[in-house]
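Colleague: To be precise about what I am sending: the file is called structure-v1.cif and holds mmCIF, C-alpha atoms.
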data_work
loop_
_atom_site.label_atom_id
_atom_site.label_comp_id
_atom_site.auth_asym_id
_atom_site.auth_seq_id
_atom_site.Cartn_x
_atom_site.Cartn_y
_atom_site.Cartn_z
CA GLU L 282 18.74 5.41 2.12
CA VAL L 283 16.03 3.06 0.85
CA LYS L 284 15.28 3.48 -2.84
CA LEU L 285 12.81 1.66 -5.08
CA LEU L 286 12.80 2.46 -8.78
CA GLU L 287 10.21 0.93 -11.10
CA SER L 288 10.65 0.63 -14.85
CA GLY L 289 9.13 -1.14 -17.83
CA GLY L 290 5.79 0.60 -18.08
CA GLY L 291 4.21 1.96 -21.24
CA LEU L 292 1.45 1.47 -23.76
CA VAL L 293 0.41 -2.09 -24.61
CA GLN L 294 -2.45 -3.50 -26.64
CA PRO L 295 -5.20 -5.58 -25.05
CA GLY L 296 -4.08 -9.18 -24.79
CA GLY L 297 -0.44 -8.19 -24.68
CA SER L 298 2.23 -8.71 -22.04
CA LEU L 299 4.56 -6.50 -20.08
CA ARG L 300 7.22 -7.05 -17.44
CA LEU L 301 7.82 -4.43 -14.79
CA SER L 302 11.02 -4.20 -12.77
CA CYS L 303 11.72 -2.60 -9.41
CA ALA L 304 15.35 -1.96 -8.54
CA ALA L 305 15.88 -1.88 -4.79
CA SER L 306 18.76 -0.41 -2.79
CA GLY L 307 19.58 0.78 0.69
CA PHE L 308 18.41 -2.30 2.59
CA THR L 309 19.04 -6.03 2.77
CA PHE L 310 16.70 -7.10 -0.01
CA THR L 311 16.42 -10.75 0.99
CA ASP L 312 15.18 -9.85 4.49
CA PHE L 313 11.97 -8.23 3.35
CA TYR L 314 8.63 -9.06 1.79
CA MET L 315 8.00 -7.09 -1.40
CA SER L 316 4.58 -6.23 -2.81
CA TRP L 317 3.17 -4.86 -6.04
CA ILE L 318 0.32 -2.39 -5.72
CA ARG L 319 -1.48 -0.54 -8.52
CA GLN L 320 -3.63 2.57 -8.61
CA PRO L 321 -5.92 3.52 -11.49
CA PRO L 322 -5.93 7.30 -12.04
CA GLY L 323 -8.14 8.98 -9.45
CA LYS L 324 -8.92 5.73 -7.63
CA ALA L 325 -7.76 3.88 -4.54
CA PRO L 326 -4.75 1.56 -4.55
CA GLU L 327 -5.22 -2.16 -5.16
CA TRP L 328 -2.80 -4.70 -3.72
CA LEU L 329 -1.76 -7.21 -6.39
CA GLY L 330 0.46 -9.62 -4.55
CA VAL L 331 3.53 -10.27 -2.44
CA ILE L 332 6.71 -12.30 -2.54
CA ARG L 333 8.00 -13.19 0.89
CA ASN L 334 11.56 -12.99 2.19
CA LYS L 335 14.31 -15.57 2.37
CA ALA L 336 13.23 -16.77 5.80
CA ASN L 337 9.83 -17.61 4.34
CA GLY L 338 11.09 -19.28 1.21
CA TYR L 339 10.28 -16.48 -1.25
CA THR L 340 6.74 -17.79 -1.54
CA THR L 341 4.02 -15.74 -3.19
CA GLU L 342 0.41 -14.70 -2.67
CA TYR L 343 -1.83 -12.99 -5.22
CA ASN L 344 -5.01 -11.03 -5.35
CA PRO L 345 -7.62 -13.25 -7.07
CA SER L 346 -8.27 -10.32 -9.43
CA VAL L 347 -4.91 -10.98 -11.14
CA LYS L 348 -4.05 -14.54 -10.13
CA GLY L 349 -3.14 -16.64 -13.15
CA ARG L 350 -2.30 -13.59 -15.29
CA PHE L 351 0.32 -11.84 -13.13
CA THR L 352 3.49 -13.38 -11.68
CA ILE L 353 5.79 -11.86 -9.07
CA SER L 354 9.42 -12.89 -8.87
CA ARG L 355 12.66 -11.55 -7.51
CA ASP L 356 16.36 -11.64 -8.41
CA ASN L 357 18.07 -11.66 -5.06
CA THR L 358 21.55 -11.32 -6.55
CA GLN L 359 20.71 -8.06 -8.32
CA ASN L 360 18.07 -6.84 -5.84
CA ILE L 361 15.34 -6.57 -8.45
CA LEU L 362 11.65 -7.31 -8.06
CA TYR L 363 9.59 -8.24 -11.12
CA LEU L 364 5.95 -8.26 -12.14
CA GLN L 365 5.14 -10.26 -15.27
CA MET L 366 1.75 -9.27 -16.63
CA ASN L 367 0.03 -11.34 -19.30
CA THR L 368 -3.29 -11.13 -21.15
CA LEU L 369 -3.59 -7.46 -20.28
CA ARG L 370 -6.99 -5.76 -20.28
CA ALA L 371 -8.10 -2.13 -20.40
CA GLU L 372 -8.94 -2.32 -16.69
CA ASP L 373 -5.28 -3.05 -15.93
CA THR L 374 -4.48 0.57 -16.84
CA ALA L 375 -2.94 2.10 -13.71
CA ILE L 376 0.17 3.36 -11.99
CA TYR L 377 2.08 0.35 -10.70
CA TYR L 378 4.10 0.61 -7.50
CA CYS L 379 6.49 -1.73 -5.79
CA ALA L 380 6.56 -1.50 -2.01
CA LYS L 381 8.84 -2.82 0.69
CA GLY L 382 7.16 -4.60 3.56
CA TYR L 383 8.11 -3.82 7.15
CA TYR L 384 7.20 -6.81 9.32
CA GLY L 385 5.54 -8.33 6.30
CA TYR L 386 2.80 -6.15 4.92
CA ASN L 387 3.41 -2.72 6.40
CA HIS L 388 4.39 -0.98 3.16
CA ASP L 389 6.91 1.47 4.56
CA TYR L 390 8.64 2.43 1.31
CA TRP L 391 7.12 2.80 -2.14
CA GLY L 392 8.64 3.47 -5.51
CA GLN L 393 7.61 6.49 -7.54
CA GLY L 394 5.39 4.30 -9.70
CA VAL L 395 5.28 3.48 -13.39
CA MET L 396 2.32 4.00 -15.71
CA VAL L 397 0.86 1.11 -17.66
CA THR L 398 -1.75 1.90 -20.30
CA VAL L 399 -3.66 -0.91 -22.01
CA SER L 400 -5.32 0.39 -25.15
CA SER L 401 -5.61 -0.31 -28.83
CA ASP B 10 -12.75 -10.04 0.67
CA ILE B 11 -12.69 -7.67 3.63
CA VAL B 12 -14.39 -4.41 2.63
CA MET B 13 -12.93 -1.19 4.03
CA THR B 14 -15.33 1.77 4.24
CA GLN B 15 -14.00 5.26 4.90
CA GLY B 16 -15.84 8.33 6.09
CA VAL B 17 -15.98 11.80 4.58
CA LEU B 18 -14.43 14.89 6.13
CA PRO B 19 -16.22 18.23 6.34
CA ASN B 20 -13.68 20.08 4.21
CA PRO B 21 -11.80 22.34 4.39
CA VAL B 22 -10.37 22.00 7.90
CA PRO B 23 -8.89 25.20 9.37
CA SER B 24 -5.17 25.12 9.92
CA GLY B 25 -4.38 24.38 13.57
CA GLU B 26 -7.60 22.46 14.18
CA SER B 27 -7.89 18.68 14.60
CA ALA B 28 -9.30 16.24 12.05
CA SER B 29 -10.48 12.67 12.56
CA ILE B 30 -10.72 10.22 9.68
CA THR B 31 -12.77 7.07 10.13
CA CYS B 32 -12.52 3.61 8.60
CA ARG B 33 -14.68 0.55 9.12
CA SER B 34 -13.87 -3.04 8.17
CA SER B 35 -16.40 -5.76 7.28
CA LYS B 36 -14.56 -8.22 9.52
CA SER B 37 -12.46 -7.95 12.67
CA LEU B 38 -8.82 -7.13 11.95
CA VAL B 39 -7.60 -8.54 15.27
CA TYR B 40 -5.35 -11.55 14.82
CA LYS B 41 -4.63 -14.29 17.36
CA ASP B 42 -1.39 -12.54 18.31
CA GLY B 43 -3.48 -9.67 19.69
CA LYS B 44 -2.39 -7.18 17.03
CA THR B 45 -4.88 -5.27 14.90
CA TYR B 46 -3.76 -5.37 11.29
CA LEU B 47 -4.74 -1.94 10.04
CA ASN B 48 -2.50 0.54 8.20
CA TRP B 49 -3.03 4.23 7.45
CA PHE B 50 -1.45 6.03 4.48
CA LEU B 51 -1.33 9.61 3.24
CA GLN B 52 -1.04 10.27 -0.46
CA ARG B 53 -0.16 13.86 -1.29
CA PRO B 54 -0.97 15.09 -4.80
CA GLY B 55 1.38 13.60 -7.36
CA GLN B 56 3.18 11.43 -4.81
CA SER B 57 3.27 7.78 -3.75
CA PRO B 58 1.38 6.80 -0.62
CA GLN B 59 3.28 7.24 2.65
CA LEU B 60 2.82 4.86 5.58
CA LEU B 61 1.65 6.75 8.67
CA THR B 62 0.69 4.01 11.14
CA TYR B 63 0.61 0.22 11.24
CA TRP B 64 -0.84 -2.34 13.67
CA MET B 65 -3.59 0.28 14.08
CA SER B 66 -1.68 2.61 16.38
CA THR B 67 2.10 2.30 15.84
CA ARG B 68 3.53 5.32 14.07
CA ALA B 69 5.90 4.61 11.21
CA SER B 70 9.46 5.87 11.39
CA GLY B 71 9.72 9.64 11.01
CA VAL B 72 5.97 10.28 11.25
CA SER B 73 4.92 13.24 13.37
CA ASP B 74 3.29 12.54 16.74
CA ARG B 75 0.41 14.73 15.53
CA PHE B 76 -0.85 11.55 13.84
CA SER B 77 -2.43 8.95 16.09
CA GLY B 78 -4.34 5.80 15.24
CA SER B 79 -6.93 4.13 17.42
CA GLY B 80 -9.95 1.86 17.24
CA SER B 81 -11.52 -1.47 17.96
CA GLY B 82 -11.60 -4.63 15.84
CA THR B 83 -13.74 -3.16 13.10
CA TYR B 84 -13.87 0.61 13.62
CA PHE B 85 -10.81 2.80 13.34
CA THR B 86 -9.87 6.46 13.60
CA LEU B 87 -6.85 8.40 12.48
CA LYS B 88 -6.62 11.66 14.39
CA ILE B 89 -4.52 14.52 13.08
CA SER B 90 -3.82 17.20 15.66
CA ARG B 91 -3.06 20.81 14.73
CA VAL B 92 -3.43 20.23 10.99
CA ARG B 93 -0.96 21.92 8.71
CA ALA B 94 -0.91 22.62 4.97
CA GLU B 95 1.45 19.67 4.42
CA ASP B 96 -1.22 17.27 5.78
CA ALA B 97 -3.44 17.87 2.75
CA GLY B 98 -4.07 14.88 0.51
CA VAL B 99 -5.99 11.63 0.44
CA TYR B 100 -5.86 9.27 3.41
CA TYR B 101 -6.31 5.54 2.91
CA CYS B 102 -6.82 2.76 5.41
CA GLN B 103 -5.69 -0.76 4.50
CA GLN B 104 -6.33 -4.08 6.17
CA VAL B 105 -3.46 -6.56 6.20
CA ARG B 106 -5.30 -9.17 8.31
CA GLU B 107 -6.03 -11.56 5.45
CA TYR B 108 -5.64 -11.97 1.70
CA PRO B 109 -6.33 -10.19 -0.46
CA LEU B 110 -5.09 -7.10 1.33
CA THR B 111 -7.62 -4.34 0.69
CA PHE B 112 -7.70 -0.54 0.84
CA GLY B 113 -10.50 1.85 1.63
CA SER B 114 -11.69 4.26 -1.04
CA GLY B 115 -9.89 7.21 0.54
CA THR B 116 -10.75 10.35 2.49
CA LYS B 117 -9.69 13.72 1.15
CA LEU B 118 -8.37 16.33 3.57
CA GLU B 119 -8.26 19.94 2.50
CA ILE B 120 -6.72 22.63 4.69
CA LYS B 121 -8.03 26.19 4.97
#
Would you write out, as structure tokens, the structure that this file holds?

Modeller:
Amino acid sequence: EVKLLESGGGLVQPGGSLRLSCAASGFTFTDFYMSWIRQPPGKAPEWLGVIRNKANGYTTEYNPSVKGRFTISRDNTQNILYLQMNTLRAEDTAIYYCAKGYYGYNHDYWGQGVMVTVSS
Amino acid sequence: DIVMTQGVLPNPVPSGESASITCRSSKSLVYKDGKTYLNWFLQRPGQSPQLLTYWMSTRASGVSDRFSGSGSGTYFTLKISRVRAEDAGVYYCQQVREYPLTFGSGTKLEIK
């Protein structure tokens, strides 16, 4: 059974940093693209970025809205996906999801999400 | 960025009836491989989004055949046949044709 479990969320002050983790199980982690997607309360999801699979060199792509502030990485020995978030702003407040990509960007499994609140 | 525009449903939809949700993209989602890179998701209240269809019309694993996706390069429809209470929630389309991947604003389905 595929499972994705995010952690690391919480309350952070504007300008602060946070690192989210997503523990993956139930599939061969290195075979799949993994994305981070966020959703402000009551709004539509926003794709943040992707880290590709082993076959594609674990390269990354980012949404310009977060490029330069957010970094996606993966630990392929422990099957963990990360999202490092720096210089956080109030508008970064959202539920953050990790999602597995079927044939790349078809997000077929999502975690339960973790809340990040940026406020003073 | 590709803008995804979703239609509004005349809610609530009576149980057992059909519902069609529309989505329009600002650019063609057809790639040179012939596939149309459009996903549909359902987000039930308090839950994570669930993939319903990808490549415009391919149902995801375990998804009921009451859900069917169709369309052209820029206009798409998700049809739900014989709606049931469990189909209630917000439906999102997403283009995965080019970066950044973008979602529509969502279409709410209520069941009567």

Colleague: Spell out the residues picked by the PyMOL selection byres ((chain B and resi 15) around 6) here, as JSON, numbers by chain.

Modeller: {"B": [14, 16, 31, 32, 113]}

Colleague: Please check which residues have atoms at most 10 Å from (7.2, 11.4, -4.4) in the file's coordinates, counting all atoms listed in the file, and write them as number ranges by chain.

Modeller: L: 391-394; B: 52-59

Colleague: Name the residues captured by the PyMOL selection byres ((chain B) within 8 of (chain L)) when it is applied to the shown file; answer as a ChimeraX atom specification.

Modeller: /B:48,56-60,63,69,101,105,108-115

Colleague: Evaluating the PyMOL selection byres ((chain L and resi 294-311) around 6) on the displayed file yields which residues, as an mmCIF file with C-alpha atoms, in the frame of the given file?

Modeller:
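For reference, out-v3.cif as written:
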data_model
loop_
_atom_site.group_PDB
_atom_site.id
_atom_site.type_symbol
_atom_site.label_atom_id
_atom_site.label_comp_id
_atom_site.auth_asym_id
_atom_site.auth_seq_id
_atom_site.Cartn_x
_atom_site.Cartn_y
_atom_site.Cartn_z
ATOM 1 C CA GLU L 282 18.740 5.410 2.120
ATOM 2 C CA VAL L 283 16.030 3.060 0.850
ATOM 3 C CA LYS L 284 15.280 3.480 -2.840
ATOM 4 C CA LEU L 285 12.810 1.660 -5.080
ATOM 5 C CA LEU L 286 12.800 2.460 -8.780
ATOM 6 C CA GLU L 287 10.210 0.930 -11.100
ATOM 7 C CA SER L 288 10.650 0.630 -14.850
ATOM 8 C CA GLY L 289 9.130 -1.140 -17.830
ATOM 9 C CA VAL L 293 0.410 -2.090 -24.610
ATOM 10 C CA ASP L 312 15.180 -9.850 4.490
ATOM 11 C CA PHE L 313 11.970 -8.230 3.350
ATOM 12 C CA ASN L 334 11.560 -12.990 2.190
ATOM 13 C CA LYS L 335 14.310 -15.570 2.370
ATOM 14 C CA ASN L 360 18.070 -6.840 -5.840
ATOM 15 C CA ILE L 361 15.340 -6.570 -8.450
ATOM 16 C CA LEU L 362 11.650 -7.310 -8.060
ATOM 17 C CA TYR L 363 9.590 -8.240 -11.120
ATOM 18 C CA LEU L 364 5.950 -8.260 -12.140
ATOM 19 C CA GLN L 365 5.140 -10.260 -15.270
ATOM 20 C CA MET L 366 1.750 -9.270 -16.630
ATOM 21 C CA ASN L 367 0.030 -11.340 -19.300
ATOM 22 C CA THR L 368 -3.290 -11.130 -21.150
ATOM 23 C CA LEU L 369 -3.590 -7.460 -20.280
ATOM 24 C CA ARG L 370 -6.990 -5.760 -20.280
ATOM 25 C CA VAL L 399 -3.660 -0.910 -22.010
ATOM 26 C CA SER L 400 -5.320 0.390 -25.150
ATOM 27 C CA SER L 401 -5.610 -0.310 -28.830
#

Colleague: Tell me which protein, DNA and RNA residues are within 10 Å of range 35-45 of chain B, counting all atoms listed in the file, leaving out same-chain ones fewer than 5 positions away, and put them as a VMD selection string.

Modeller: chain B and resid 10 to 14 63 to 66 79 to 84 104 to 107

Colleague: Distance CA of Phe76 in chain B-CA of Ser316 in chain L, one decimal place?

Modeller: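 Atom-to-atom, CA of Phe76 in chain B and CA of Ser316 in chain L are spaced 25.0 Å apart.
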
Colleague: Which value, in Å to one decimal, gives the distance between CA of Thr341 in chain L and CA of Leu47 in chain B?

Modeller: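 Result for CA of Thr341 in chain L versus CA of Leu47 in chain B: 21.0 Å, one decimal.
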